[in-house]
>>> print(open('final-v2.cif').read())   # mmCIF, C-alpha atoms
data_work
loop_
_atom_site.label_atom_id
_atom_site.label_comp_id
_atom_site.auth_asym_id
_atom_site.auth_seq_id
_atom_site.Cartn_x
_atom_site.Cartn_y
_atom_site.Cartn_z
CA MET A 6 -12.66 20.60 33.11
CA GLY A 7 -16.43 20.66 32.55
CA LYS A 8 -16.94 23.15 35.38
CA LEU A 9 -14.23 25.42 33.96
CA VAL A 10 -15.89 25.42 30.53
CA ALA A 11 -19.30 26.13 32.09
CA LEU A 12 -17.91 29.03 34.15
CA THR A 13 -16.13 30.41 31.10
CA LEU A 14 -19.31 30.30 29.02
CA LEU A 15 -21.30 31.86 31.86
CA GLY A 16 -18.77 34.67 32.24
CA ALA A 17 -18.74 35.33 28.51
CA GLY A 18 -22.54 35.37 28.43
CA LEU A 19 -22.79 37.80 31.35
CA ALA A 20 -20.13 40.03 29.79
CA LEU A 21 -22.07 40.11 26.51
CA ILE A 22 -25.33 40.95 28.25
CA GLY A 23 -23.60 43.68 30.26
CA GLU A 24 -22.08 45.19 27.13
CA ARG A 25 -25.47 45.08 25.36
CA LEU A 26 -27.18 46.79 28.31
CA MET A 27 -24.58 49.56 28.30
CA THR A 28 -25.10 50.03 24.56
CA LEU A 29 -28.86 50.16 25.10
CA ARG A 30 -28.48 52.85 27.77
CA GLU A 31 -26.37 54.96 25.43
CA ARG A 32 -28.74 54.46 22.50
CA THR A 33 -31.75 55.52 24.55
CA ASN A 34 -29.92 58.48 26.14
CA ALA A 35 -30.53 57.04 29.60
CA TYR A 36 -27.67 59.17 30.96
CA ARG A 37 -29.17 62.41 29.67
CA GLU A 38 -30.31 64.92 32.25
CA VAL A 39 -33.77 66.23 31.47
CA GLU A 40 -34.41 69.85 32.38
CA PRO A 41 -37.98 70.91 33.24
CA VAL A 42 -39.60 73.23 30.73
CA GLU A 43 -42.68 75.30 31.44
CA PRO A 44 -45.19 74.99 28.56
CA GLN A 45 -46.14 78.41 27.20
CA ASN A 46 -49.29 77.84 25.17
CA CYS A 47 -50.27 74.29 26.09
CA HIS A 48 -53.36 73.07 27.85
CA LEU A 49 -54.80 69.69 28.74
CA ILE A 50 -57.21 68.08 26.27
CA GLU A 51 -59.70 66.21 28.41
CA GLY A 52 -61.20 62.91 27.33
CA LEU A 53 -57.95 61.16 26.41
CA GLU A 54 -57.22 59.73 29.83
CA ASN A 55 -56.49 56.29 28.30
CA GLY A 56 -53.62 57.70 26.29
CA SER A 57 -53.22 58.88 22.71
CA GLU A 58 -51.05 56.75 20.42
CA ASP A 59 -51.18 58.49 17.04
CA ILE A 60 -52.67 61.52 15.32
CA ASP A 61 -53.40 62.34 11.68
CA ILE A 62 -54.60 65.78 10.61
CA LEU A 63 -56.66 66.56 7.53
CA PRO A 64 -55.79 69.68 5.48
CA ARG A 65 -58.90 71.44 6.77
CA GLY A 66 -57.90 70.98 10.41
CA LEU A 67 -59.79 67.91 11.56
CA ALA A 68 -57.56 65.59 13.59
CA PHE A 69 -58.06 61.86 14.13
CA ILE A 70 -56.54 60.39 17.31
CA SER A 71 -56.13 56.72 18.21
CA SER A 72 -56.46 55.94 21.91
CA GLY A 73 -56.50 53.00 24.31
CA LEU A 74 -53.63 50.93 22.89
CA LYS A 75 -52.91 47.71 24.76
CA TYR A 76 -49.41 46.46 24.01
CA PRO A 77 -47.08 44.04 25.82
CA GLY A 78 -44.80 45.84 28.24
CA MET A 79 -46.75 49.11 28.12
CA PRO A 80 -48.90 50.59 30.91
CA ASN A 81 -52.57 49.81 30.41
CA PHE A 82 -54.87 52.53 31.70
CA ALA A 83 -58.15 50.80 30.86
CA PRO A 84 -57.63 47.04 30.45
CA ASP A 85 -61.36 46.29 30.24
CA GLU A 86 -62.24 48.99 27.71
CA PRO A 87 -61.78 48.75 23.91
CA GLY A 88 -59.74 51.30 22.02
CA GLN A 89 -61.34 54.29 20.32
CA ILE A 90 -60.82 56.83 17.57
CA PHE A 91 -61.37 60.44 18.56
CA LEU A 92 -61.96 63.51 16.41
CA MET A 93 -60.77 67.02 17.24
CA ASP A 94 -61.38 70.21 15.28
CA LEU A 95 -58.20 72.29 15.47
CA ASN A 96 -60.02 75.29 14.03
CA GLU A 97 -61.86 75.75 17.33
CA GLN A 98 -60.46 78.19 19.87
CA ASN A 99 -60.63 75.52 22.58
CA PRO A 100 -60.51 72.17 20.74
CA ARG A 101 -62.29 69.22 22.35
CA VAL A 102 -62.24 65.55 21.45
CA GLN A 103 -65.25 63.53 20.42
CA ALA A 104 -65.30 59.72 20.25
CA LEU A 105 -66.35 58.51 16.81
CA ASN A 106 -69.03 55.86 16.58
CA ILE A 107 -68.07 52.76 14.57
CA SER A 108 -70.58 50.98 12.37
CA ASP A 109 -72.16 47.67 13.35
CA GLY A 110 -70.56 44.51 12.03
CA PHE A 111 -67.11 45.47 13.24
CA ASP A 112 -65.69 43.77 16.36
CA LYS A 113 -65.48 46.86 18.57
CA ALA A 114 -64.84 44.82 21.74
CA SER A 115 -61.37 43.79 20.51
CA PHE A 116 -60.53 47.12 18.84
CA ASN A 117 -56.92 47.96 19.76
CA PRO A 118 -55.80 50.85 17.53
CA HIS A 119 -52.15 51.78 17.01
CA GLY A 120 -50.85 53.88 14.07
CA ILE A 121 -53.31 55.67 11.76
CA SER A 122 -53.26 57.40 8.38
CA THR A 123 -55.85 59.13 6.18
CA PHE A 124 -56.52 59.10 2.45
CA ILE A 125 -58.78 61.50 0.53
CA ASP A 126 -60.02 60.30 -2.88
CA LYS A 127 -60.94 62.39 -5.95
CA ASP A 128 -64.49 62.77 -4.63
CA GLN A 129 -63.14 64.22 -1.35
CA ILE A 130 -64.24 61.17 0.61
CA VAL A 131 -62.01 60.61 3.65
CA TYR A 132 -60.79 57.12 4.49
CA LEU A 133 -59.07 56.28 7.76
CA TYR A 134 -56.59 53.38 7.86
CA VAL A 135 -55.95 51.99 11.33
CA VAL A 136 -53.33 49.51 12.53
CA ASN A 137 -55.30 47.20 14.81
CA HIS A 138 -54.12 44.55 17.28
CA PRO A 139 -57.15 42.36 18.02
CA HIS A 140 -56.07 39.62 20.41
CA MET A 141 -52.47 40.90 19.96
CA GLU A 142 -52.45 40.14 16.23
CA SER A 143 -51.89 42.76 13.51
CA THR A 144 -54.39 43.88 10.90
CA VAL A 145 -55.10 47.06 8.97
CA GLU A 146 -58.69 48.29 9.15
CA ILE A 147 -60.16 50.60 6.51
CA PHE A 148 -62.95 52.99 7.54
CA LYS A 149 -64.91 55.64 5.66
CA PHE A 150 -65.37 58.86 7.63
CA GLU A 151 -68.93 60.17 7.76
CA GLU A 152 -68.40 63.79 8.77
CA GLN A 153 -72.05 64.77 9.30
CA GLN A 154 -72.74 61.77 11.54
CA ARG A 155 -69.28 61.96 13.16
CA SER A 156 -68.88 58.23 12.61
CA LEU A 157 -66.70 55.61 10.94
CA VAL A 158 -68.06 52.96 8.57
CA HIS A 159 -65.92 49.83 8.51
CA LEU A 160 -65.15 48.72 4.95
CA LYS A 161 -62.41 46.11 5.05
CA THR A 162 -59.84 44.22 7.14
CA ILE A 163 -56.41 43.62 5.59
CA LYS A 164 -54.27 40.69 6.74
CA HIS A 165 -50.97 39.39 5.38
CA GLU A 166 -48.13 37.19 6.60
CA LEU A 167 -45.74 40.17 6.42
CA LEU A 168 -48.08 42.35 8.49
CA LYS A 169 -46.69 41.23 11.84
CA SER A 170 -46.13 43.43 14.89
CA VAL A 171 -47.18 46.45 12.83
CA ASN A 172 -46.58 49.81 14.47
CA ASP A 173 -47.47 52.59 12.06
CA ILE A 174 -48.80 53.15 8.56
CA VAL A 175 -48.79 55.85 5.89
CA VAL A 176 -51.31 55.60 3.06
CA LEU A 177 -50.40 56.37 -0.57
CA GLY A 178 -53.71 55.60 -2.28
CA ALA A 179 -56.65 53.22 -2.21
CA GLU A 180 -55.40 50.10 -0.38
CA GLN A 181 -51.77 51.15 -0.90
CA PHE A 182 -49.55 51.95 2.05
CA TYR A 183 -46.21 51.61 3.78
CA ALA A 184 -46.18 49.95 7.20
CA THR A 185 -43.51 49.46 9.86
CA ARG A 186 -42.76 46.32 11.87
CA ASP A 187 -41.42 47.33 15.29
CA HIS A 188 -40.40 43.86 16.60
CA TYR A 189 -39.42 40.60 14.97
CA PHE A 190 -40.67 38.45 17.84
CA THR A 191 -44.16 38.56 19.33
CA ASN A 192 -43.35 36.86 22.64
CA PHE A 193 -42.72 39.54 25.29
CA PHE A 194 -39.56 37.95 26.70
CA LEU A 195 -38.12 37.37 23.23
CA VAL A 196 -38.88 41.01 22.43
CA LEU A 197 -36.82 42.04 25.47
CA LEU A 198 -34.00 39.82 24.25
CA GLU A 199 -34.31 41.34 20.79
CA VAL A 200 -33.95 44.85 22.23
CA VAL A 201 -31.07 44.02 24.59
CA MET A 202 -29.13 42.10 21.94
CA ASP A 203 -29.59 44.93 19.41
CA LEU A 204 -31.08 42.63 16.78
CA ARG A 205 -31.79 44.66 13.65
CA TRP A 206 -34.46 42.39 12.20
CA THR A 207 -37.43 44.74 11.68
CA TYR A 208 -38.46 46.34 8.41
CA ILE A 209 -40.69 48.63 6.38
CA LEU A 210 -43.02 47.04 3.84
CA PHE A 211 -45.13 48.21 0.95
CA TYR A 212 -48.65 46.84 0.57
CA SER A 213 -51.01 46.91 -2.39
CA PRO A 214 -53.59 44.41 -3.65
CA ARG A 215 -51.13 43.33 -6.35
CA GLU A 216 -47.85 43.37 -4.47
CA VAL A 217 -46.56 43.10 -0.92
CA LYS A 218 -42.83 43.46 -0.35
CA VAL A 219 -40.18 44.57 2.16
CA VAL A 220 -38.65 47.84 0.93
CA ALA A 221 -36.21 48.57 3.77
CA LYS A 222 -34.81 46.41 6.55
CA GLY A 223 -32.11 46.27 9.22
CA PHE A 224 -33.84 48.39 11.89
CA ILE A 225 -33.63 47.97 15.65
CA SER A 226 -37.32 48.87 15.86
CA ALA A 227 -39.07 50.43 12.86
CA ASN A 228 -41.57 52.78 14.47
CA GLY A 229 -43.45 55.85 13.24
CA ILE A 230 -43.49 56.57 9.52
CA THR A 231 -44.43 59.52 7.32
CA ILE A 232 -44.04 60.52 3.69
CA SER A 233 -43.18 63.74 1.86
CA PRO A 234 -46.00 65.67 0.14
CA ASP A 235 -44.74 64.64 -3.31
CA LYS A 236 -44.58 60.99 -2.11
CA LYS A 237 -40.97 60.66 -3.27
CA TYR A 238 -39.48 60.09 0.18
CA PHE A 239 -40.63 58.37 3.34
CA ALA A 240 -39.07 58.65 6.78
CA SER A 241 -39.13 56.28 9.75
CA ARG A 242 -37.40 57.15 13.01
CA MET A 243 -34.11 58.74 11.90
CA LEU A 244 -34.04 57.20 8.40
CA CYS A 245 -35.06 58.88 5.19
CA LEU A 246 -35.39 56.83 1.99
CA ARG A 247 -36.52 57.44 -1.54
CA SER A 248 -39.87 55.83 -2.24
CA PRO A 249 -39.56 52.82 -4.59
CA GLY A 250 -42.76 53.98 -6.27
#
>>> encode(input="final-v2.cif", output="structure tokens")
Amino acid sequence: MGKLVALTLLGAGLALIGERLMTLRERTNAYREVEPVEPQNCHLIEGLENGSEDIDILPRGLAFISSGLKYPGMPNFAPDEPGQIFLMDLNEQNPRVQALNISDGFDKASFNPHGISTFIDKDQIVYLYVVNHPHMESTVEIFKFEEQQRSLVHLKTIKHELLKSVNDIVVLGAEQFYATRDHYFTNFFLVLLEVVMDLRWTYILFYSPREVKVVAKGFISANGITISPDKKYFASRMLCLRSPG
């Protein structure tokens, strides 16, 4: 009798895993046939051989690019090199990237940048907010952009118990932003289980010095995020919501 129960449970478990894998294949369009497309006006931007994770473009055409992300389960092109922030001027006929120097006092050796977002204050000072994963944790780093020196001055590190497995960020104002959590678990094998079992446990949160709260939840993996110019709506993946603010 015990063996029959064990076999029944094993069969049910395997059937559930098989069904979840089929659902995952459909959700990720694994059956889709990809047709090759010849790029018309594209060319390679050299200097980003370690990958480019995110980009944020200022109104005047300067683009910030985060590069060198090290993340569980992802290919690592330079395991012994820290991440970097690059600058590219899109006004140039042949744009090139330039690595931005980061001020002393910041732990550059463990810099592991993910999503980024910019904020321009009333004095036209540019601030760059960077999701960072030092030692596979999650923080948000605030930098001031020094355009003449082509450098970043580190101002502050933001930590919070809800800022876990942060993927992307969109800044609303000084130390105010929305951020996405792409996985509930941090252990790599539990993350795989989370994906296969279709666990919708990730969320979008709002952060400010006065208040930190979850504003939307129930996602498979909350990923990139952006906001409308009037700041009334924000969008993450295929979801569009009205901003609580």
>>> resolve_selection(input="final-v2.cif", expression="the PyMOL selection byres ((chain A and resi 93-96) around 12)", output="count of residues only")
30
>>> resolve_selection(input="final-v2.cif", expression="the PyMOL selection byres ((chain A and resi 205-219) around 7)", output="PyMOL selection string")
chain A and resi 180-189+203-204+220-227
>>> write_last_selection(input="final-v2.cif", atoms="C-alpha atoms", output="CSV table (one decimal), in the frame of the given file")
chain,number,residue,atom,x,y,z
A,180,GLU,CA,-55.4,50.1,-0.4
A,181,GLN,CA,-51.8,51.2,-0.9
A,182,PHE,CA,-49.6,52.0,2.0
A,183,TYR,CA,-46.2,51.6,3.8
A,184,ALA,CA,-46.2,50.0,7.2
A,185,THR,CA,-43.5,49.5,9.9
A,186,ARG,CA,-42.8,46.3,11.9
A,187,ASP,CA,-41.4,47.3,15.3
A,188,HIS,CA,-40.4,43.9,16.6
A,189,TYR,CA,-39.4,40.6,15.0
A,203,ASP,CA,-29.6,44.9,19.4
A,204,LEU,CA,-31.1,42.6,16.8
A,220,VAL,CA,-38.6,47.8,0.9
A,221,ALA,CA,-36.2,48.6,3.8
A,222,LYS,CA,-34.8,46.4,6.6
A,223,GLY,CA,-32.1,46.3,9.2
A,224,PHE,CA,-33.8,48.4,11.9
A,225,ILE,CA,-33.6,48.0,15.6
A,226,SER,CA,-37.3,48.9,15.9
A,227,ALA,CA,-39.1,50.4,12.9
>>> closest_residue(input="final-v2.cif", among="A:Phe193, A:Phe111, A:His165, A:Asn106", to="Glu151 of chain A", atoms="only C-alpha atoms")
A:Asn106
>>> atom_distance(input="final-v2.cif", atom1="atom CA of Lys161 of chain A", atom2="atom CA of Lys75 of chain A")
21.9 Å
>>> closest_residue(input="final-v2.cif", among="A:Ile174, A:Leu198, A:Leu157, A:Ile230", to="Ile121 of chain A", atoms="all atoms listed in the file")
A:Ile174
>>> atom_distance(input="final-v2.cif", atom1="atom CA of Leu160 of chain A", atom2="atom CA of Gly229 of chain A")
24.3 Å
>>> closest_residue(input="final-v2.cif", among="A:Leu133, A:Ser170, A:Pro139, A:Leu177", to="Val196 of chain A", atoms="all atoms listed in the file")
A:Ser170
>>> resolve_selection(input="final-v2.cif", expression="the PyMOL selection byres ((chain A and resi 80-85) around 12)", output="compact mmCIF listing (two decimals) with C-alpha atoms, in the coordinates of the input")
# COMPACT_ATOMS: atom_id res chain seq x y z
CA LEU A 53 -57.95 61.16 26.41
CA GLU A 54 -57.22 59.73 29.83
CA ASN A 55 -56.49 56.29 28.30
CA GLY A 56 -53.62 57.70 26.29
CA SER A 57 -53.22 58.88 22.71
CA SER A 72 -56.46 55.94 21.91
CA GLY A 73 -56.50 53.00 24.31
CA LEU A 74 -53.63 50.93 22.89
CA LYS A 75 -52.91 47.71 24.76
CA TYR A 76 -49.41 46.46 24.01
CA PRO A 77 -47.08 44.04 25.82
CA GLY A 78 -44.80 45.84 28.24
CA MET A 79 -46.75 49.11 28.12
CA GLU A 86 -62.24 48.99 27.71
CA PRO A 87 -61.78 48.75 23.91
CA GLY A 88 -59.74 51.30 22.02
CA GLN A 89 -61.34 54.29 20.32
CA ALA A 114 -64.84 44.82 21.74
CA SER A 115 -61.37 43.79 20.51
CA PHE A 116 -60.53 47.12 18.84
CA ASN A 117 -56.92 47.96 19.76
>>> atom_distance(input="final-v2.cif", atom1="atom CA of Phe194 of chain A", atom2="atom CA of Lys169 of chain A")
16.8 Å
>>> closest_residue(input="final-v2.cif", among="A:Glu58, A:Glu166, A:Asp109, A:Glu146", to="Tyr134 of chain A", atoms="only C-alpha atoms")
A:Glu146
